[in-house]
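Data block for protein_37.tsv (TSV, C-alpha atoms and all ligand atoms):
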chain	number	residue	atom	x	y	z
A	1	MET	CA	87.35	77.44	83.56
A	2	LEU	CA	85.57	74.94	85.74
A	3	ILE	CA	83.24	76.41	88.34
A	4	LYS	CA	82.77	74.09	91.29
A	5	LYS	CA	79.39	73.30	92.79
A	6	PRO	CA	79.29	73.65	96.61
A	7	ALA	CA	79.07	69.82	96.96
A	8	ASP	CA	82.41	69.47	95.15
A	9	ILE	CA	84.26	71.79	97.49
A	10	ARG	CA	86.48	69.92	99.94
A	11	PRO	CA	86.64	71.08	103.59
A	12	SER	CA	90.35	71.87	103.13
A	13	GLU	CA	89.45	74.50	100.56
A	14	ILE	CA	86.84	76.05	102.83
A	15	THR	CA	89.45	76.38	105.57
A	16	SER	CA	91.94	78.02	103.29
A	17	LYS	CA	89.30	80.46	102.08
A	18	ASP	CA	88.51	81.38	105.70
A	19	ASN	CA	92.17	81.93	106.40
A	20	TYR	CA	92.38	84.15	103.37
A	21	LEU	CA	89.47	86.31	104.51
A	22	ASN	CA	90.96	86.61	107.99
A	23	ARG	CA	94.22	87.76	106.49
A	24	ARG	CA	92.44	90.43	104.50
A	25	ASP	CA	90.83	91.74	107.67
A	26	PHE	CA	94.23	91.76	109.27
A	27	ILE	CA	95.53	94.00	106.51
A	28	ARG	CA	92.68	96.42	107.04
A	29	ALA	CA	93.47	96.54	110.75
A	30	GLY	CA	97.09	97.05	109.76
A	31	SER	CA	96.22	100.11	107.73
A	32	ILE	CA	95.03	101.83	110.89
A	33	ALA	CA	98.23	100.82	112.68
A	34	GLY	CA	99.99	102.29	109.64
A	35	ALA	CA	99.35	105.81	110.93
A	36	ALA	CA	101.81	105.13	113.74
A	37	THR	CA	104.25	103.54	111.27
A	38	MET	CA	104.45	106.68	109.14
A	39	ALA	CA	105.86	108.84	111.89
A	40	GLY	CA	108.37	106.22	113.00
A	41	PRO	CA	110.78	103.96	111.14
A	42	ALA	CA	113.02	104.71	108.18
A	43	LEU	CA	112.01	104.32	104.54
A	44	GLY	CA	110.97	100.76	103.82
A	45	ALA	CA	111.08	99.44	107.38
A	46	ILE	CA	109.51	96.02	107.51
A	47	VAL	CA	105.98	96.32	108.86
A	48	PRO	CA	104.11	93.09	108.11
A	49	ASP	CA	100.52	93.67	107.00
A	50	ALA	CA	100.67	97.41	107.60
A	51	ARG	CA	100.46	100.15	105.02
A	52	ARG	CA	103.89	101.50	104.13
A	53	GLU	CA	105.39	104.92	104.59
A	54	LYS	CA	103.94	107.71	102.42
A	55	ILE	CA	106.11	109.05	99.62
A	56	GLY	CA	106.15	112.85	99.29
A	57	ASP	CA	106.14	115.07	96.18
A	58	ILE	CA	104.41	112.86	93.64
A	59	GLY	CA	103.34	114.43	90.34
A	60	THR	CA	100.52	113.18	88.14
A	61	SER	CA	100.84	111.66	84.69
A	62	ILE	CA	98.97	112.23	81.45
A	63	PHE	CA	99.37	108.48	80.86
A	64	SER	CA	97.23	107.42	83.83
A	65	SER	CA	94.24	105.21	83.10
A	66	ASP	CA	90.85	106.60	84.16
A	67	GLU	CA	89.71	103.13	85.26
A	68	ALA	CA	89.15	102.54	88.98
A	69	PRO	CA	92.23	101.05	90.66
A	70	ASN	CA	92.01	97.64	92.32
A	71	ASP	CA	91.74	97.43	96.09
A	72	TYR	CA	95.07	97.69	97.89
A	73	GLU	CA	94.44	94.23	99.37
A	74	ASP	CA	94.28	92.65	95.89
A	75	VAL	CA	97.51	94.30	94.81
A	76	VAL	CA	99.51	93.12	97.84
A	77	THR	CA	98.08	89.60	98.29
A	78	TYR	CA	97.74	88.33	94.69
A	79	ASN	CA	101.23	88.34	93.20
A	80	ASN	CA	103.63	86.53	90.93
A	81	TYR	CA	107.11	86.54	92.43
A	82	TYR	CA	108.57	83.05	92.03
A	83	GLU	CA	111.56	83.83	94.28
A	84	PHE	CA	109.03	83.63	97.12
A	85	GLY	CA	106.99	80.68	95.80
A	86	THR	CA	104.73	79.94	92.85
A	87	GLY	CA	101.37	80.38	94.63
A	88	LYS	CA	99.59	83.73	94.31
A	89	GLN	CA	99.67	84.33	98.08
A	90	ASP	CA	103.21	83.00	98.60
A	91	PRO	CA	104.94	86.35	97.99
A	92	TYR	CA	102.64	88.04	100.49
A	93	GLU	CA	103.36	85.33	103.05
A	94	ASN	CA	107.08	84.81	102.41
A	95	ALA	CA	108.46	88.23	101.46
A	96	GLN	CA	107.64	90.19	104.61
A	97	GLU	CA	111.10	89.72	106.16
A	98	PHE	CA	112.98	90.36	102.93
A	99	ARG	CA	115.63	93.07	103.35
A	100	SER	CA	114.88	95.59	100.61
A	101	ARG	CA	117.03	98.26	102.36
A	102	PRO	CA	119.89	99.04	102.17
A	103	TRP	CA	119.92	98.31	98.44
A	104	SER	CA	122.28	98.99	95.57
A	105	ILE	CA	121.98	98.84	91.81
A	106	THR	CA	124.89	98.17	89.46
A	107	VAL	CA	124.88	99.78	86.03
A	108	ASP	CA	127.31	98.19	83.57
A	109	GLY	CA	128.02	97.71	79.88
A	110	GLU	CA	127.76	100.25	77.08
A	111	ALA	CA	127.18	103.49	78.99
A	112	ALA	CA	129.23	106.42	80.26
A	113	LYS	CA	127.90	106.45	83.82
A	114	THR	CA	128.45	102.85	84.92
A	115	GLY	CA	128.95	102.00	88.57
A	116	THR	CA	127.18	100.84	91.69
A	117	TYR	CA	124.63	103.22	93.19
A	118	HIS	CA	122.77	103.27	96.48
A	119	PHE	CA	119.06	102.96	95.72
A	120	GLU	CA	118.34	106.42	97.17
A	121	ASP	CA	121.07	108.05	95.03
A	122	PHE	CA	119.96	106.13	91.96
A	123	ILE	CA	116.43	107.57	92.02
A	124	LYS	CA	117.23	111.02	93.46
A	125	PRO	CA	117.78	112.94	90.18
A	126	PHE	CA	114.31	112.03	88.84
A	127	ASP	CA	110.74	113.22	89.31
A	128	LEU	CA	108.32	110.85	91.02
A	129	GLU	CA	104.97	110.45	89.31
A	130	GLU	CA	101.84	108.46	89.94
A	131	ARG	CA	100.98	106.30	86.92
A	132	ILE	CA	97.69	104.43	87.09
A	133	TYR	CA	98.28	101.59	84.64
A	134	ARG	CA	96.29	98.59	83.46
A	135	MET	CA	98.41	95.51	84.10
A	136	ARG	CA	97.82	92.33	82.08
A	137	CYS	CA	99.35	89.05	83.23
A	138	VAL	CA	100.11	86.35	80.64
A	139	GLU	CA	97.80	84.11	82.73
A	140	ALA	CA	94.79	86.11	81.44
A	141	TRP	CA	94.02	88.17	84.54
A	142	SER	CA	94.46	91.90	85.00
A	143	MET	CA	94.51	94.67	87.59
A	144	VAL	CA	94.60	98.46	87.60
A	145	ILE	CA	97.42	99.68	89.83
A	146	PRO	CA	98.45	103.21	90.90
A	147	TRP	CA	102.24	102.93	90.68
A	148	VAL	CA	104.64	105.60	91.91
A	149	GLY	CA	107.65	105.68	89.66
A	150	ILE	CA	110.32	107.47	87.68
A	151	SER	CA	110.62	107.55	83.90
A	152	LEU	CA	112.93	104.84	82.59
A	153	ALA	CA	113.70	107.09	79.60
A	154	ASP	CA	114.96	109.79	82.00
A	155	VAL	CA	117.18	107.28	83.81
A	156	ILE	CA	118.63	105.96	80.56
A	157	LYS	CA	119.35	109.45	79.23
A	158	HIS	CA	121.10	110.28	82.50
A	159	LEU	CA	123.29	107.13	82.31
A	160	GLN	CA	124.43	108.06	78.76
A	161	PRO	CA	124.43	104.79	76.81
A	162	THR	CA	126.94	104.52	73.95
A	163	SER	CA	125.91	103.99	70.31
A	164	LYS	CA	126.61	100.25	70.81
A	165	ALA	CA	123.81	99.89	73.38
A	166	ARG	CA	120.90	98.25	71.54
A	167	TYR	CA	119.23	96.57	74.52
A	168	VAL	CA	118.88	97.07	78.26
A	169	ALA	CA	119.02	93.94	80.44
A	170	PHE	CA	117.86	93.71	84.05
A	171	GLU	CA	118.50	91.23	86.86
A	172	THR	CA	116.75	90.54	90.16
A	173	LEU	CA	118.70	89.87	93.36
A	174	HIS	CA	120.01	86.31	93.71
A	175	ASP	CA	119.96	85.39	97.40
A	176	PRO	CA	118.61	81.89	98.15
A	177	SER	CA	119.06	82.56	101.89
A	178	GLN	CA	116.30	85.16	101.67
A	179	MET	CA	114.39	83.90	98.65
A	180	PRO	CA	113.13	80.36	99.29
A	181	GLY	CA	111.96	79.93	95.68
A	182	GLN	CA	115.57	80.25	94.52
A	183	ARG	CA	116.42	77.01	96.36
A	184	ARG	CA	114.27	75.30	93.72
A	185	ARG	CA	114.73	75.42	90.00
A	186	SER	CA	111.29	76.77	89.07
A	187	LEU	CA	113.18	79.27	86.84
A	188	ALA	CA	116.82	79.92	85.94
A	189	TRP	CA	118.02	82.36	88.60
A	190	PRO	CA	118.54	85.22	88.81
A	191	TYR	CA	115.32	86.37	87.15
A	192	ARG	CA	116.31	88.21	83.96
A	193	GLU	CA	114.50	90.58	81.63
A	194	GLY	CA	115.31	92.85	78.73
A	195	LEU	CA	113.99	95.54	76.42
A	196	THR	CA	115.21	97.14	73.20
A	197	ILE	CA	116.53	100.67	73.75
A	198	ALA	CA	113.54	102.02	71.79
A	199	GLU	CA	111.12	100.21	74.13
A	200	ALA	CA	113.02	101.20	77.25
A	201	THR	CA	113.02	104.87	76.26
A	202	ASN	CA	109.30	104.96	75.42
A	203	PRO	CA	107.63	107.43	77.83
A	204	LEU	CA	105.32	104.71	79.22
A	205	ALA	CA	108.10	102.56	80.73
A	206	ILE	CA	108.91	103.30	84.38
A	207	PHE	CA	110.88	102.09	87.34
A	208	ALA	CA	108.27	101.76	90.10
A	209	VAL	CA	109.21	102.47	93.72
A	210	GLY	CA	105.73	102.68	95.23
A	211	ILE	CA	102.01	101.92	95.03
A	212	TYR	CA	99.09	104.00	96.30
A	213	GLY	CA	101.45	106.85	97.21
A	214	GLU	CA	103.38	104.57	99.56
A	215	VAL	CA	106.70	102.73	99.56
A	216	LEU	CA	106.59	99.55	97.44
A	217	PRO	CA	105.79	96.40	99.48
A	218	ASN	CA	108.33	93.57	99.20
A	219	GLN	CA	105.92	91.25	97.40
A	220	ASN	CA	105.46	93.87	94.66
A	221	GLY	CA	109.21	94.09	94.00
A	222	ALA	CA	110.73	96.47	96.56
A	223	PRO	CA	112.63	98.61	96.39
A	224	ILE	CA	112.57	99.06	92.59
A	225	ARG	CA	110.97	97.14	89.72
A	226	LEU	CA	110.16	97.63	86.08
A	227	ILE	CA	106.70	98.46	84.70
A	228	VAL	CA	106.09	98.14	80.95
A	229	PRO	CA	102.31	98.41	80.67
A	230	TRP	CA	101.90	97.31	77.03
A	231	LYS	CA	103.66	94.01	77.74
A	232	TYR	CA	102.61	90.97	79.75
A	233	GLY	CA	103.27	91.30	83.47
A	234	PHE	CA	106.30	89.02	83.48
A	235	LYS	CA	108.38	91.72	81.77
A	236	GLY	CA	107.97	93.80	84.96
A	237	ILE	CA	111.05	92.41	86.72
A	238	LYS	CA	111.11	92.96	90.50
A	239	SER	CA	113.79	93.91	93.04
A	240	ILE	CA	116.37	94.92	90.43
A	241	VAL	CA	120.08	94.84	91.30
A	242	ARG	CA	121.62	95.14	87.83
A	243	MET	CA	120.95	97.14	84.70
A	244	SER	CA	123.22	96.37	81.71
A	245	PHE	CA	123.48	98.19	78.40
A	246	VAL	CA	124.29	95.54	75.78
A	247	GLU	CA	124.74	95.09	72.05
A	248	LYS	CA	123.12	91.63	71.74
A	249	ARG	CA	119.59	90.62	72.68
A	250	PRO	CA	119.75	89.45	76.32
A	251	GLN	CA	118.41	86.16	77.67
A	252	THR	CA	115.16	86.46	79.62
A	253	SER	CA	114.03	84.01	82.31
A	254	TRP	CA	110.63	83.04	80.90
A	255	ASN	CA	111.97	82.73	77.37
A	256	MET	CA	114.74	80.44	78.66
A	257	ALA	CA	112.16	78.35	80.54
A	258	ALA	CA	109.72	77.86	77.64
A	259	PRO	CA	110.77	79.57	74.37
A	260	ASN	CA	107.68	78.38	72.50
A	261	GLU	CA	105.39	79.96	75.11
A	262	TYR	CA	107.13	83.18	76.12
A	263	GLY	CA	108.90	85.34	73.56
A	264	PHE	CA	111.32	88.20	74.02
A	265	PHE	CA	108.77	90.88	73.09
A	266	ALA	CA	105.77	89.60	75.08
A	267	ASN	CA	103.53	92.42	73.87
A	268	VAL	CA	99.94	92.04	75.04
A	269	ASN	CA	98.21	90.68	71.94
A	270	PRO	CA	94.66	89.26	71.95
A	271	GLU	CA	95.29	87.78	68.47
A	272	VAL	CA	98.24	85.61	69.43
A	273	ASN	CA	97.25	82.93	71.91
A	274	HIS	CA	99.52	81.28	74.42
A	275	PRO	CA	99.96	77.71	73.11
A	276	ARG	CA	97.92	76.41	76.06
A	277	TRP	CA	95.21	79.09	76.42
A	278	SER	CA	93.52	82.04	74.72
A	279	GLN	CA	94.73	85.60	75.19
A	280	ALA	CA	91.53	87.13	73.76
A	281	ARG	CA	89.95	87.91	77.14
A	282	GLU	CA	90.99	88.61	80.70
A	283	ARG	CA	89.56	88.45	84.22
A	284	ARG	CA	89.91	91.62	86.26
A	285	ILE	CA	91.05	90.53	89.74
A	286	GLY	CA	88.59	91.56	92.43
A	287	SER	CA	85.65	91.79	90.07
A	288	GLY	CA	84.16	88.63	91.59
A	289	LEU	CA	84.21	84.98	90.65
A	290	PHE	CA	81.12	85.29	88.46
A	291	ALA	CA	82.01	88.56	86.77
A	292	SER	CA	82.26	88.14	83.03
A	293	LYS	CA	85.63	88.38	81.39
A	294	GLN	CA	86.49	91.47	79.40
A	295	PRO	CA	88.21	91.62	76.03
A	296	THR	CA	91.97	92.07	76.05
A	297	LEU	CA	93.13	95.08	74.06
A	298	MET	CA	96.04	95.14	71.61
A	299	PHE	CA	99.14	96.41	73.47
A	300	ASN	CA	96.91	96.37	76.58
A	301	GLY	CA	95.21	99.54	75.25
A	302	TYR	CA	98.47	101.49	74.88
A	303	GLY	CA	98.72	101.13	71.08
A	304	GLU	CA	98.65	104.86	70.42
A	305	GLN	CA	101.88	105.26	72.39
A	306	VAL	CA	103.74	102.11	71.34
A	307	ALA	CA	102.43	100.54	68.10
A	308	HIS	CA	105.04	102.47	66.04
A	309	LEU	CA	107.83	100.57	67.85
A	310	TYR	CA	106.78	97.43	65.95
A	311	ASP	CA	106.22	98.86	62.45
A	312	GLY	CA	107.21	96.20	59.92
A	313	ILE	CA	107.63	93.52	62.59
A	314	ASP	CA	105.53	90.34	62.34
A	315	LEU	CA	104.01	90.14	65.82
A	316	ARG	CA	102.95	86.51	65.31
A	317	ARG	CA	106.55	85.42	64.87
A	318	ASN	CA	107.94	87.98	67.30
A	319	PHE	CA	105.55	87.21	70.15
B	401	LIG	N1	111.91	88.83	89.95
B	401	LIG	C1	110.67	88.54	89.51
B	401	LIG	N2	109.96	89.50	88.89
B	401	LIG	C2	108.70	89.24	88.44
B	401	LIG	C3	108.13	87.94	88.59
B	401	LIG	C4	108.92	86.96	89.27
B	401	LIG	O1	108.49	85.79	89.44
B	401	LIG	N3	110.17	87.30	89.72
B	401	LIG	N4	106.86	87.70	88.10
B	401	LIG	C5	106.38	88.56	87.00
B	401	LIG	C6	104.96	88.37	86.69
B	401	LIG	S1	104.55	86.93	85.87
B	401	LIG	C7	104.00	89.33	86.95
B	401	LIG	S2	102.40	89.13	86.41
B	401	LIG	C8	104.34	90.55	87.73
B	401	LIG	C9	103.40	90.70	88.91
B	401	LIG	O2	103.62	91.91	89.59
B	401	LIG	P1	102.74	92.26	90.89
B	401	LIG	O3	102.83	91.04	91.77
B	401	LIG	O4	103.32	93.47	91.51
B	401	LIG	O5	101.34	92.48	90.40
B	401	LIG	O6	105.68	90.52	88.23
B	401	LIG	C10	106.65	90.04	87.30
B	401	LIG	N5	107.98	90.24	87.84
B	402	MO	MO	102.43	87.33	84.90
Please render this file's structure as structure tokens.
Ligand SMILES: Nc1nc2c(c(=O)[nH]1)N[C@H]1C(S)=C(S)[C@@H](COP(=O)(O)O)O[C@H]1N2
Ligand SMILES: [Mo]
Amino acid sequence: MLIKKPADIRPSEITSKDNYLNRRDFIRAGSIAGAATMAGPALGAIVPDARREKIGDIGTSIFSSDEAPNDYEDVVTYNNYYEFGTGKQDPYENAQEFRSRPWSITVDGEAAKTGTYHFEDFIKPFDLEERIYRMRCVEAWSMVIPWVGISLADVIKHLQPTSKARYVAFETLHDPSQMPGQRRRSLAWPYREGLTIAEATNPLAIFAVGIYGEVLPNQNGAPIRLIVPWKYGFKGIKSIVRMSFVEKRPQTSWNMAAPNEYGFFANVNPEVNHPRWSQARERRIGSGLFASKQPTLMFNGYGEQVAHLYDGIDLRRNF
């Protein structure tokens, strides 16, 4: 990466940096205002720049990383969510008014308990846990995020897939009136993702509904998104409206966009480079512009839990 000398920095960039810092201060101020928010509005009320409502009854997980989580500000202002724009701050700026309640999720395909569920009913049968996970984006940056979520394996067991269900497919809401990025063809909409049943029922995979013990902000995929910590971040599909049990491998948005760059599996793998850049190292967001990069770990460090899923599979071909 090119590091600019001060003389090369245009005034426009200085301005935008100032704006950015001001916004961060605004969030901090908002977190104080958040105390008032907690007592007041319903779950997921839209409170720009404020901390969200606390979630009660959260258990801990043996799978949590012991690394220090990123600052809240990093997690809510540096996002990939192309429905709200392709810039890292676009989701933070453009998703505040998004209506993530009321919300429903349709379950269809090869399962006994298909149907359309209210979000609250969908998650009710399951235990909420905090899972502090290392997240690795395909763009070679990473964060450590304390998610609040429910086990995807528990959800799948509850929905009773048939013996024909070999994959689970997921879709994000398609609503160009609310999602300005969907008025452009930066990706094939709706955003789509998929996992094999074995991957989806691995104990590490979760549906996240919160961060830092609080309701999930819109820019992070409210009200419910997938977290698969041994895979690149793009597998973590946000704002899910459909979950389908299917026999054939589903299409996935990034694979459709550039099949030679983004495979179906997308396991974090320092030995298989993206065709345009190395995957050997990563930059931890928030660690400072001059902080050295750290090595990327096979399966993002979760090999003990997931390597067996790929026994006998050539991970160079199945990237
Ligand atoms: N619907 C949808 N889900 C998405 C994306 C997206 O553009 N749209 N981006 C993915 C990518 S590339 C990453 S790295 C993660 C980022 O999640 P975060 O912003 O909560 O850190 O979301 C993933 N889920
Ligand atoms: Mo990503």
Which chain A residues have any atom within 8 Å of an atom of ligand MO 402 (chain B), and for each, what is the nearest pair of atoms with distance in Å to one decimal, counting all atoms listed in the file, rows sorted by chain and number, as JSON lines?
{"residue": "A:Asn80", "atom": "CA", "partner": "B:MO402", "partner_atom": "MO", "distance": 6.2}
{"residue": "A:Arg136", "atom": "CA", "partner": "B:MO402", "partner_atom": "MO", "distance": 7.4}
{"residue": "A:Cys137", "atom": "CA", "partner": "B:MO402", "partner_atom": "MO", "distance": 3.9}
{"residue": "A:Val138", "atom": "CA", "partner": "B:MO402", "partner_atom": "MO", "distance": 4.9}
{"residue": "A:Glu139", "atom": "CA", "partner": "B:MO402", "partner_atom": "MO", "distance": 6.0}
{"residue": "A:Tyr232", "atom": "CA", "partner": "B:MO402", "partner_atom": "MO", "distance": 6.3}
{"residue": "A:Gly233", "atom": "CA", "partner": "B:MO402", "partner_atom": "MO", "distance": 4.3}
{"residue": "A:Phe234", "atom": "CA", "partner": "B:MO402", "partner_atom": "MO", "distance": 4.5}
Please tell me which residues are no farther than 8 Å from (109.0, 104.9, 100.7) in the file, counting all atoms listed in the file, and write them as a PyMOL selection string. chain A and resi 43-44+52-55+209-210+214-216
Among listed residues A:Ser104, A:Ser142, A:Gln160, A:Ser239, nearest A:Ile224 (using only C-alpha atoms): A:Ser239
May I ask for the distance between atom CA of A:Ser151 and atom CA of A:Gly194, given in Å to one decimal place?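 Atom CA of A:Gly194 lies at a distance of 16.3 Å from atom CA of A:Ser151.
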Out of A:Leu315, A:Ile123, A:Ile206, A:Ala258, which residue has the shortest atom-to-atom distance to A:His158 when counting all atoms listed in the file?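 Of A:Leu315, A:Ile123, A:Ile206, A:Ala258, the one nearest A:His158 is A:Ile123, counting all atoms listed in the file.
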Taking into account only C-alpha atoms, which residue in the set A:Asp71, A:Glu271, A:Glu304, A:Glu193 is nearest to A:Arg249?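 Smallest separation from A:Arg249 among the options: A:Glu193.
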Which residues sit within 6 Å of ligand LIG 401 (chain B), counting only C-alpha atoms and all ligand atoms, listed as a PyMOL selection string? chain A and resi 79-83+137+172+191+220+233-234+236-238
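Note that the spacing between atom CA of A:Phe84 and atom CA of A:Asn218 amounts to 10.2 Å.
Comparing the minimum interatomic distances between A:Tyr117 and each of A:Ala266, A:Ile132, A:Val241, A:Met256, counting all atoms listed in the file, we find that A:Val241 sits nearest.
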Go ahead and compute the interatomic distance for atom CA of A:Phe265 and atom CA of A:Phe319, in Å to one decimal.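 Distance between the two atoms: 5.7 Å.
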Here's a test: counting all atoms listed in the file, identify every protein, DNA and RNA residue with an atom at most 12 Å from (114.4, 81.7, 97.3) in the file's coordinate frame, and state them as a ChimeraX atom specification. /A:81-86,90-91,94-95,98,172-191
Show me, as number ranges by chain, the residues that have an atom within 9 Å of stretch 287-296 of chain A when counting only C-alpha atoms, minus same-chain residues fewer than 4 positions from it. A: 3, 70, 136, 140-141, 268-270, 279-283, 300-301
Writing out the chosen residues with C-alpha atoms as a PDB file, keeping the file's coordinate frame:
ATOM      1  CA  ILE A   3      83.240  76.410  88.340  1.00  0.00           C
ATOM      2  CA  ASN A  70      92.010  97.640  92.320  1.00  0.00           C
ATOM      3  CA  ARG A 136      97.820  92.330  82.080  1.00  0.00           C
ATOM      4  CA  ALA A 140      94.790  86.110  81.440  1.00  0.00           C
ATOM      5  CA  TRP A 141      94.020  88.170  84.540  1.00  0.00           C
ATOM      6  CA  VAL A 268      99.940  92.040  75.040  1.00  0.00           C
ATOM      7  CA  ASN A 269      98.210  90.680  71.940  1.00  0.00           C
ATOM      8  CA  PRO A 270      94.660  89.260  71.950  1.00  0.00           C
ATOM      9  CA  GLN A 279      94.730  85.600  75.190  1.00  0.00           C
ATOM     10  CA  ALA A 280      91.530  87.130  73.760  1.00  0.00           C
ATOM     11  CA  ARG A 281      89.950  87.910  77.140  1.00  0.00           C
ATOM     12  CA  GLU A 282      90.990  88.610  80.700  1.00  0.00           C
ATOM     13  CA  ARG A 283      89.560  88.450  84.220  1.00  0.00           C
ATOM     14  CA  ASN A 300      96.910  96.370  76.580  1.00  0.00           C
ATOM     15  CA  GLY A 301      95.210  99.540  75.250  1.00  0.00           C
TER      16      GLY A 301
END
